[in-house]
Amino acid sequence: MTAETMSIFSPKVSARFDALVEKYPVRRSALVPMLLYAQDEIGYLSDAVIAEVARRIGITELDVRNVATYYSMLRFKPAGKYNVQVCTNISCMLRGAYDVFEKFQDELRVGHKGVTPDGVFSLEEVECIGACCWAPAIQVNYDFHDDLTPDSVPGILAQYRQKSEGQKNA
Amino acid sequence: MPRLVSHPDEVKVVSKRFGQGAADIEKYIELGGYEAIRKCLAQGPEWLIEEMKASNLRGRGGAGFPTGMKWSFVPKQSAKPKYVLINGDESEPGTCKDHLIFLHDPHSVIEGTIIAGLAIGSKMGFIYLRGEYRYLLEIMEKAVADAYAKGFLGKNIFGTDTEFQIITQSGAGAYEVGEESALMESLEGKRGVPRIKPPFPAVVGLYGGPTVINNAETIATVPHVINMGGAAFAAVGSPRNGGTRLFGISGHVERPGVYELPMGYNLKKMIYEVAGGVRGGRNLKAVVPGGSSTPVLLPEEIETLGMDFDQVGKAGSMLGSGGVVVIDDQTCIVEFALRTISFYQHESCGWCIPCREGTDWLKKSLTRFHAGFGTAKDIDNIRYLAENMMGRTFCPLGDAAAMPTLGFVKKFRKEFEDHLDGKPCPFAKHGAPELTVV
Amino acid sequence: MADVTFTVDGKKLTAPAGTLLIEACRKAGIEIPAFCYYPGLSLQAACRMCVVRQEKVPKLQTACTTTVAEGQVFTTESPEIAQARKATIELLLGNHPLDCPVCDAGGECELQDMTFKYGAGESLMVDAKRHRDEQQWSPAVFYDRPRCILCYRCTRVCGEGMDVWALGIQNRGVTSVISPDGGDQLDCEQCGMCIDICPVGALTSGSYRYKTRPWEMNHVSTVCTHCGDGCKVTLGIRQSSDGSEIIRADNRDKSGINGDFLCAKGRFGFDFVENTERLTAPLVRNAQGKLERVSWEHAFRVAASKLKEIRDTRGGAAIGVIGSNHTTNEENYLLQKFARTVLQTSNVDHERTTDYVAFARALAGHKEKSAGLRDIANAPAILLIGGDPTNEHPLLAWTIRTNVRLNRARLYVANHRQIKLERQAKATLRIPSGGYGRIAKYLSAKDSTLSDPAFREALLAEESLLVIFGEEYRGSAVDELVAWGLTLPNVRFSYLGDYSNSRGAADMGLLPDRLPGYVPVSAVEKFRDEYPGLPATIGLNQSQMLSSAAGGSLAALLIVGANPLEAENLDLNSLKNKFVVVLDMFLTETAAAADVVFPAASLYEKTGTVTNTYGDLQLVRKAADKPGVKPDFEILVRLASSMGADVKRLVPFGKNVVKADLGQSRGAQSGEADRHAVWLVANGLEPKLSPFDPLALLDEIERLVPAYKLDRLNLFGGNEVRTEPGFVPVSALTSSGPDLVKPSHNGLFTSGTLGRYSKGIRDLEKHQAETKQEAVAG
């Protein structure tokens, strides 16, 4: 197999990337979204992801790493299947975000950037996610949950746990 | 789903289609959408820029630069393609207005982008959304696809021989990318580090071509300006501050939310009437008037304060992004200052020394201070560091970190002193928060 | 751009519009501090040290990004500005480890200097500093993040300057780091530019770190001994128990043709001088057939009596002399003069790696047609045919890249393989290997087999052209190419060759058929006075000498700084029963076969001049001192003396002594006396009191070598001076012997025999091989 035909991504994502690099006046503009979509599929930016993205864009792996390490949503270690991101920035903090964050820590028994042993959840304290008027708010992967109290935490976790179970059984 | 709010004082211009299903292109057209653009196609770019100038519309991203003037800076002739770039990297703490625009009225962004393109003679626009707004990006992507399908975008928009393409783009987590030149860098697939200016984007911007960069709210306002007429739009606001603005009121109020109010609306009224007053009947301690980077105001400073760029500036703060953060009297200002600086420390791109090192130092000092290990000298040091960051950094992020810090230290010095000598934080329920964000 | 007038600190200054304020001020003697600004590299505006006040502008402006315009008014020093700079340093020192006592940069650190100047002496920081462990990226490069001030000079010099792009910036904010391309390893050309450009001690050198404090060293400016580019190098020298040793090599003072550039060999390849295998005493083969250490007197006696005996009994033609590509012009000149007048032989040659004879013939009589490195640095258009500058001529590659980057020079590359400089090329012509002979025809539109007329047309549209060609060209191919070039209105040529003084060896007449200055041995008129008894016959070349020694009539060989057995791949026994005298630093294959071996000084341990492949002549200054060795010059003089030769005829010392006023009579201060001494040397007026003073030969070289009309004031002032091949008269220059030329193609980590004895270079070569392997395996 040649390097050109080998891809670590699914055919669907692969095809999407093929289109993405052609979308802009300059190929490299695809880099940041491509890294994010790659992470969505693989879970994190592994060495293999970096290598393939570099090849697809036509830049060095060092160049890809220089860019990738700049953006806080991109990670280089696996997270849980559902990454719980609790905003504790000012608007959320004023409305009890730390209580919510604590509740998540208690429930999941992991701290900031921790991953549950079953790999289903990871927890992260994050900066403002743009939901200040509906604070406190969190994101689970890309889903927003707002107007939270510590009491809403178990329900949210149950919802995703169920989803995870459902997928496992299917 | 973000909750929509309403108040009788609101003048709904930008938000008038919120909650009406206008993400659907048919609905948007039914509600008068894509009319402004036909008018612009008929009238031509000079007329268009004059209307924009007459509207007194000022950039909603935070700097408040007059939009019409910004567009007029783009050279008419250019060897390189010109671009329109929409800044939807909404990241200033306290700000979530663009969130609602992308959710409820994505076509207004598209329409505004095309109009900006017509004004400057560009054939391509980019709409950049912060990475966290994935679901909103998907809404935007669908809206763009629908606009293409209708022939509103493409080689011959609205049946004319004018071309305009729109490309949507996702960020991946970086406040600094909200700075316009860093935004261009990010869109070019690079680290979000700002560029040296001059040259300014209007001359050398994206891919080296002349570029107009507008905030998402600004651009969503543009079709309304055209529909209403520049003068009529200007008449809604206060002098030199045209129209309405989406104010996001958050924090300790009864009814937080995004309210559209005329420029110049009184801040006290905004808190006490529009947003229902301080939560739980408590007293107001302070207000951050325009996102976390704007210096805090005391209750006595907002009595007669009209919320426009000039009046808030005169009061020693800034209108910024219009994110009003209300703080009640049970809040520890030191903790608030710490959380604010932690954010800027996390988001500093690290390019220049004063911002990179200053934010880190301030965070360290305030962390220790809030934990009860502060010394009297620290208060002066914090002030000294912040003062020496001001105006010295490569881009405005350093100021954004220093300004609020200075405000807190100057206006709440006593509260800082109350933390000295190992005294526990008088307010903290949690003691020192475990700040784990690094 | 037109000149504009503006005011700085009350002084009216004039500079072309658009000049950077920081540069305009520097030229006017107003120093504006900066960490990130570095002349020739892209602008950063990151360190904020160069802030100045511009009238009518609300904020302080960075002088590194402000361009001057008519009527502007600036203040560069004021309490406000001093405070801004002080605060920036205070902020930097917040996380800086302040481990100056153990930091390599201590004493020559820009951060220290600025802290001292702006007085950020009281630390406000009481919190813990951020720490990251130091990393070793290669045998040459270490990175200490806590010391790093993120000025991005290293990333830029690596990317923009070297076109290697092996360093990146990762993470953001205060966690930002400089990162190498190979994860935790540096996969690059290992030039070490990043180390020297670092204003602090964040990037340190594997060979230098923790060896010394900078102020314990003396610095001597000399010329690199490795490739034919002839970089100026400043050697840091420290007294050792038995002499003085070289601690480091750099060119931070940006003197000479290379600015601050040095490659891996120049920067790390000096350590061969301290190799334990270095010869430190003369060796003579004893009765048991073993080489044994003897006194200098004994060695001279043995060598001299045997050479004399052979000369007197069998004639000088029974003796062969092979010279070096590394020794100085004076030594090379002396060697052939010694051979011709004392040994009375024309059997003189050296390992020819380039056909300089053909080049001299092609350019003879054409003045101002040869190009030095400064010409290359400024040429608006360059045609590079053949060669591999990046690997074999790193300074040339650097110079071309810099010219393209800063002056938008147009580079045209014609090569049979892909070379790295094509990235800077405006146009590239791929030619079949072995197709170089056809280029001249192609360029004159007489050959259509290389079918790229666009390349030719672009080239011919240039108003002036600098043609650089590689060792692919020899003999008549050189003539044809130069002949084509001479049809152009403005043309200059450079010819690429290996080794630090290959060009000088040829120029000085280390050739069997040419005297110094490429004068045929038959045309001896000019040489009568200085060369009594000069044999007018053509002698044997190197390979003839070796085969004659192996089986023929040659009875003795004198080999100076060369390893022909290895170069010609000959058997050690081939010189059995011949009398062989070798002068060398190491017991090479050839030295091991010798009867007498004299331990020679390296180029770093002697004085003289060398000529690089571009014809730039530079002064070599004695830097280190190795006990037990002598410069080849002195060994040759002593050998001649031991043979009973008239040394004064060989080296005209003490002749024409002028009673010089060294300044003392006027009670001059020491500085003035120094300048006076330079003037005396420059004018050839200083007393040459010793026959071991190589410079005593300069007058004679100037007189007899037409190309060497030297601007001595410049030479002794430490600058390069041009030689002029055009001064060589068009005479009966015949065949150059192109088949005798064997290019050595030394790369970034090889340097003939010398490279084998440099651990620094070998370690780098190994590191690169391993990093590459990993990359392939991964």
# chains A, B, ... in the order shown; residues from 1 in each chain; ligands from 1
$ interface_residues --of "chain A" --to "chain B" --cutoff "7 Å" --atoms "only C-alpha atoms" --output "NGL selection string"
:A and (28-33 or 36 or 67 or 70-74 or 89-91 or 94-95 or 112 or 125-134 or 142)
$ select_by_dssp --residues "stretch 173-232 of chain B" --states "helix (DSSP H, G or I)" --output "number ranges by chain"
B: 175-178, 180-187, 206-208, 216-228, 230-232
$ closest_atom_pairs --of "chain A" --to "chain C" --cutoff "7 Å" --atoms "only C-alpha atoms" --output "JSON lines"
{"residue": "A:Leu62", "atom": "CA", "partner": "C:Asp181", "partner_atom": "CA", "distance": 5.1}
{"residue": "A:Arg65", "atom": "CA", "partner": "C:Gln170", "partner_atom": "CA", "distance": 6.9}
{"residue": "A:Asn66", "atom": "CA", "partner": "C:Gln170", "partner_atom": "CA", "distance": 4.7}
{"residue": "A:Thr69", "atom": "CA", "partner": "C:Asn171", "partner_atom": "CA", "distance": 4.6}
{"residue": "A:Tyr70", "atom": "CA", "partner": "C:Asn171", "partner_atom": "CA", "distance": 4.8}
$ residues_around --residues "C:Gln54" --least-positions-apart "3" --cutoff "6 Å" --atoms "only C-alpha atoms" --output "list in words"
Val57, Val73 and Phe74 of chain C
$ residues_around --residues "stretch 160-169 of chain A" --least-positions-apart "3" --cutoff "10 Å" --atoms "only C-alpha atoms" --output "list of chain:residue names"
A:Lys81, A:Tyr82, A:Val120, A:Phe121, A:Val140, A:Gly155, A:Ile156, A:Leu157
$ write_last_selection --atoms "C-alpha atoms" --output "PDB file, in the first residue's frame"
ATOM      1  CA  LYS A  81     -16.296   9.126  24.747  1.00  0.00           C
ATOM      2  CA  TYR A  82     -18.259  11.997  26.214  1.00  0.00           C
ATOM      3  CA  VAL A 120     -17.118   6.787  28.826  1.00  0.00           C
ATOM      4  CA  PHE A 121     -16.592  10.199  30.368  1.00  0.00           C
ATOM      5  CA  VAL A 140     -20.758  17.470  26.425  1.00  0.00           C
ATOM      6  CA  GLY A 155     -29.565  13.428  34.873  1.00  0.00           C
ATOM      7  CA  ILE A 156     -27.135  14.645  32.242  1.00  0.00           C
ATOM      8  CA  LEU A 157     -24.691  11.866  33.004  1.00  0.00           C
TER       9      LEU A 157
END
$ interface_residues --of "chain C" --to "chain B" --cutoff "6 Å" --atoms "only C-alpha atoms" --output "ChimeraX atom specification"
/C:46-47,88,91,172-174
$ residues_around --residues "stretch 389-399 of chain C" --least-positions-apart "2" --cutoff "9 Å" --atoms "only C-alpha atoms" --output "ChimeraX atom specification"
/C:161-163,189,227-231,257-258,261-263,373-374,376-378,387,401-404,419-421,470,496-498,745-749
$ select_by_dssp --residues "stretch 34-261 of chain C" --states "strand (DSSP E)" --output "PyMOL selection string"
chain C and resi 51-54+61-62+73-75+135-136+141-143+167-170+177-180+203-205+218-223+232-240+243-250
$ atom_distance --atom1 "atom CA of B:Ser15" --atom2 "atom CA of B:Ala116"
19.9 Å
$ closest_residue --among "C:Thr753, C:Pro743, C:Val620, C:Val141" --to "C:Thr590" --atoms "only C-alpha atoms"
C:Thr753
$ closest_residue --among "A:Ala15, A:Ile138, A:Met6, A:Cys87" --to "A:Val49" --atoms "only C-alpha atoms"
A:Met6
$ closest_residue --among "A:Val13, A:Leu108, A:Val86, A:Leu123" --to "A:Met34" --atoms "only C-alpha atoms"
A:Val13
$ residues_around --residues "C:Ala624" --least-positions-apart "3" --cutoff "6 Å" --atoms "only C-alpha atoms" --output "list of chain:residue names"
C:Ser244, C:Glu245, C:Glu605
$ residues_around --residues "B:Asp24" --least-positions-apart "6" --cutoff "10 Å" --atoms "only C-alpha atoms" --output "list in words"
Glu30, His104, Asp105, Pro106, His107, Ile139, Lys142, Ala143 and Asp146 of chain B
$ decode --residues "stretch 225-264 of chain B" --atoms "N, CA and C atoms" --output "PDB file, in the first residue's frame"
ATOM      1  N   VAL B 225     -30.027  47.794   8.219  1.00  0.00           N
ATOM      2  CA  VAL B 225     -29.656  49.185   7.933  1.00  0.00           C
ATOM      3  C   VAL B 225     -30.129  49.543   6.525  1.00  0.00           C
ATOM      4  N   ILE B 226     -29.875  48.640   5.581  1.00  0.00           N
ATOM      5  CA  ILE B 226     -30.267  48.903   4.197  1.00  0.00           C
ATOM      6  C   ILE B 226     -31.784  49.006   4.083  1.00  0.00           C
ATOM      7  N   ASN B 227     -32.459  48.089   4.756  1.00  0.00           N
ATOM      8  CA  ASN B 227     -33.927  48.099   4.677  1.00  0.00           C
ATOM      9  C   ASN B 227     -34.531  49.346   5.295  1.00  0.00           C
ATOM     10  N   MET B 228     -33.954  49.734   6.447  1.00  0.00           N
ATOM     11  CA  MET B 228     -34.516  50.893   7.141  1.00  0.00           C
ATOM     12  C   MET B 228     -34.054  52.195   6.517  1.00  0.00           C
ATOM     13  N   GLY B 229     -32.894  52.136   5.889  1.00  0.00           N
ATOM     14  CA  GLY B 229     -32.227  53.372   5.457  1.00  0.00           C
ATOM     15  C   GLY B 229     -31.261  53.796   6.546  1.00  0.00           C
ATOM     16  N   GLY B 230     -30.101  54.260   6.134  1.00  0.00           N
ATOM     17  CA  GLY B 230     -29.060  54.603   7.097  1.00  0.00           C
ATOM     18  C   GLY B 230     -29.514  55.620   8.119  1.00  0.00           C
ATOM     19  N   ALA B 231     -30.174  56.672   7.657  1.00  0.00           N
ATOM     20  CA  ALA B 231     -30.566  57.752   8.558  1.00  0.00           C
ATOM     21  C   ALA B 231     -31.575  57.264   9.591  1.00  0.00           C
ATOM     22  N   ALA B 232     -32.521  56.446   9.137  1.00  0.00           N
ATOM     23  CA  ALA B 232     -33.542  55.940  10.052  1.00  0.00           C
ATOM     24  C   ALA B 232     -32.909  55.054  11.114  1.00  0.00           C
ATOM     25  N   PHE B 233     -31.924  54.264  10.702  1.00  0.00           N
ATOM     26  CA  PHE B 233     -31.244  53.391  11.654  1.00  0.00           C
ATOM     27  C   PHE B 233     -30.505  54.233  12.687  1.00  0.00           C
ATOM     28  N   ALA B 234     -29.803  55.242  12.192  1.00  0.00           N
ATOM     29  CA  ALA B 234     -29.044  56.106  13.096  1.00  0.00           C
ATOM     30  C   ALA B 234     -29.975  56.751  14.124  1.00  0.00           C
ATOM     31  N   ALA B 235     -31.165  57.075  13.682  1.00  0.00           N
ATOM     32  CA  ALA B 235     -32.109  57.788  14.556  1.00  0.00           C
ATOM     33  C   ALA B 235     -32.532  56.946  15.755  1.00  0.00           C
ATOM     34  N   VAL B 236     -32.418  55.625  15.628  1.00  0.00           N
ATOM     35  CA  VAL B 236     -32.808  54.759  16.735  1.00  0.00           C
ATOM     36  C   VAL B 236     -31.850  54.910  17.924  1.00  0.00           C
ATOM     37  N   GLY B 237     -30.575  55.137  17.637  1.00  0.00           N
ATOM     38  CA  GLY B 237     -29.587  55.148  18.711  1.00  0.00           C
ATOM     39  C   GLY B 237     -29.292  56.524  19.248  1.00  0.00           C
ATOM     40  N   SER B 238     -28.131  56.636  19.880  1.00  0.00           N
ATOM     41  CA  SER B 238     -27.700  57.914  20.432  1.00  0.00           C
ATOM     42  C   SER B 238     -26.731  58.559  19.440  1.00  0.00           C
ATOM     43  N   PRO B 239     -26.333  59.817  19.701  1.00  0.00           N
ATOM     44  CA  PRO B 239     -25.447  60.481  18.739  1.00  0.00           C
ATOM     45  C   PRO B 239     -24.190  59.663  18.442  1.00  0.00           C
ATOM     46  N   ARG B 240     -23.860  59.565  17.191  1.00  0.00           N
ATOM     47  CA  ARG B 240     -22.691  58.821  16.704  1.00  0.00           C
ATOM     48  C   ARG B 240     -22.739  57.322  17.030  1.00  0.00           C
ATOM     49  N   ASN B 241     -23.827  56.868  17.561  1.00  0.00           N
ATOM     50  CA  ASN B 241     -23.966  55.457  17.901  1.00  0.00           C
ATOM     51  C   ASN B 241     -25.292  54.977  17.335  1.00  0.00           C
ATOM     52  N   GLY B 242     -25.246  54.526  16.086  1.00  0.00           N
ATOM     53  CA  GLY B 242     -26.487  54.212  15.403  1.00  0.00           C
ATOM     54  C   GLY B 242     -27.123  52.924  15.879  1.00  0.00           C
ATOM     55  N   GLY B 243     -28.464  52.938  15.891  1.00  0.00           N
ATOM     56  CA  GLY B 243     -29.249  51.718  16.007  1.00  0.00           C
ATOM     57  C   GLY B 243     -29.309  51.085  17.376  1.00  0.00           C
ATOM     58  N   THR B 244     -29.524  49.791  17.321  1.00  0.00           N
ATOM     59  CA  THR B 244     -29.726  49.005  18.529  1.00  0.00           C
ATOM     60  C   THR B 244     -28.532  48.105  18.747  1.00  0.00           C
ATOM     61  N   ARG B 245     -28.564  47.457  19.865  1.00  0.00           N
ATOM     62  CA  ARG B 245     -27.481  46.511  20.127  1.00  0.00           C
ATOM     63  C   ARG B 245     -28.014  45.335  20.925  1.00  0.00           C
ATOM     64  N   LEU B 246     -27.444  44.174  20.668  1.00  0.00           N
ATOM     65  CA  LEU B 246     -27.808  43.006  21.471  1.00  0.00           C
ATOM     66  C   LEU B 246     -26.965  43.030  22.744  1.00  0.00           C
ATOM     67  N   PHE B 247     -27.629  43.342  23.848  1.00  0.00           N
ATOM     68  CA  PHE B 247     -26.926  43.341  25.135  1.00  0.00           C
ATOM     69  C   PHE B 247     -27.165  42.010  25.824  1.00  0.00           C
ATOM     70  N   GLY B 248     -26.092  41.339  26.162  1.00  0.00           N
ATOM     71  CA  GLY B 248     -26.230  40.087  26.893  1.00  0.00           C
ATOM     72  C   GLY B 248     -26.038  40.371  28.360  1.00  0.00           C
ATOM     73  N   ILE B 249     -27.111  40.181  29.105  1.00  0.00           N
ATOM     74  CA  ILE B 249     -27.021  40.481  30.540  1.00  0.00           C
ATOM     75  C   ILE B 249     -26.903  39.157  31.285  1.00  0.00           C
ATOM     76  N   SER B 250     -25.809  39.012  32.011  1.00  0.00           N
ATOM     77  CA  SER B 250     -25.587  37.747  32.702  1.00  0.00           C
ATOM     78  C   SER B 250     -25.144  38.012  34.128  1.00  0.00           C
ATOM     79  N   GLY B 251     -24.974  36.948  34.864  1.00  0.00           N
ATOM     80  CA  GLY B 251     -24.553  37.091  36.257  1.00  0.00           C
ATOM     81  C   GLY B 251     -25.760  37.167  37.180  1.00  0.00           C
ATOM     82  N   HIS B 252     -25.607  38.011  38.201  1.00  0.00           N
ATOM     83  CA  HIS B 252     -26.601  38.012  39.273  1.00  0.00           C
ATOM     84  C   HIS B 252     -27.822  38.863  38.964  1.00  0.00           C
ATOM     85  N   VAL B 253     -28.542  38.535  37.940  1.00  0.00           N
ATOM     86  CA  VAL B 253     -29.813  39.230  37.690  1.00  0.00           C
ATOM     87  C   VAL B 253     -30.935  38.206  37.686  1.00  0.00           C
ATOM     88  N   GLU B 254     -32.144  38.702  37.847  1.00  0.00           N
ATOM     89  CA  GLU B 254     -33.300  37.803  37.882  1.00  0.00           C
ATOM     90  C   GLU B 254     -33.552  37.169  36.528  1.00  0.00           C
ATOM     91  N   ARG B 255     -33.450  37.996  35.466  1.00  0.00           N
ATOM     92  CA  ARG B 255     -33.781  37.461  34.138  1.00  0.00           C
ATOM     93  C   ARG B 255     -32.627  37.701  33.166  1.00  0.00           C
ATOM     94  N   PRO B 256     -31.581  36.895  33.300  1.00  0.00           N
ATOM     95  CA  PRO B 256     -30.482  37.066  32.363  1.00  0.00           C
ATOM     96  C   PRO B 256     -30.936  36.751  30.950  1.00  0.00           C
ATOM     97  N   GLY B 257     -30.271  37.323  29.991  1.00  0.00           N
ATOM     98  CA  GLY B 257     -30.639  37.017  28.612  1.00  0.00           C
ATOM     99  C   GLY B 257     -30.070  38.056  27.661  1.00  0.00           C
ATOM    100  N   VAL B 258     -30.348  37.837  26.381  1.00  0.00           N
ATOM    101  CA  VAL B 258     -29.890  38.771  25.362  1.00  0.00           C
ATOM    102  C   VAL B 258     -31.056  39.684  24.991  1.00  0.00           C
ATOM    103  N   TYR B 259     -30.899  40.966  25.242  1.00  0.00           N
ATOM    104  CA  TYR B 259     -31.952  41.945  24.968  1.00  0.00           C
ATOM    105  C   TYR B 259     -31.471  42.933  23.918  1.00  0.00           C
ATOM    106  N   GLU B 260     -32.344  43.260  22.987  1.00  0.00           N
ATOM    107  CA  GLU B 260     -31.959  44.255  21.981  1.00  0.00           C
ATOM    108  C   GLU B 260     -32.501  45.616  22.381  1.00  0.00           C
ATOM    109  N   LEU B 261     -31.597  46.516  22.657  1.00  0.00           N
ATOM    110  CA  LEU B 261     -31.995  47.833  23.151  1.00  0.00           C
ATOM    111  C   LEU B 261     -31.318  48.904  22.328  1.00  0.00           C
ATOM    112  N   PRO B 262     -31.899  50.079  22.271  1.00  0.00           N
ATOM    113  CA  PRO B 262     -31.263  51.152  21.503  1.00  0.00           C
ATOM    114  C   PRO B 262     -29.921  51.515  22.124  1.00  0.00           C
ATOM    115  N   MET B 263     -28.987  51.900  21.289  1.00  0.00           N
ATOM    116  CA  MET B 263     -27.704  52.391  21.794  1.00  0.00           C
ATOM    117  C   MET B 263     -27.986  53.569  22.702  1.00  0.00           C
ATOM    118  N   GLY B 264     -27.275  53.615  23.826  1.00  0.00           N
ATOM    119  CA  GLY B 264     -27.462  54.722  24.755  1.00  0.00           C
ATOM    120  C   GLY B 264     -28.460  54.419  25.852  1.00  0.00           C
TER     121      GLY B 264
END
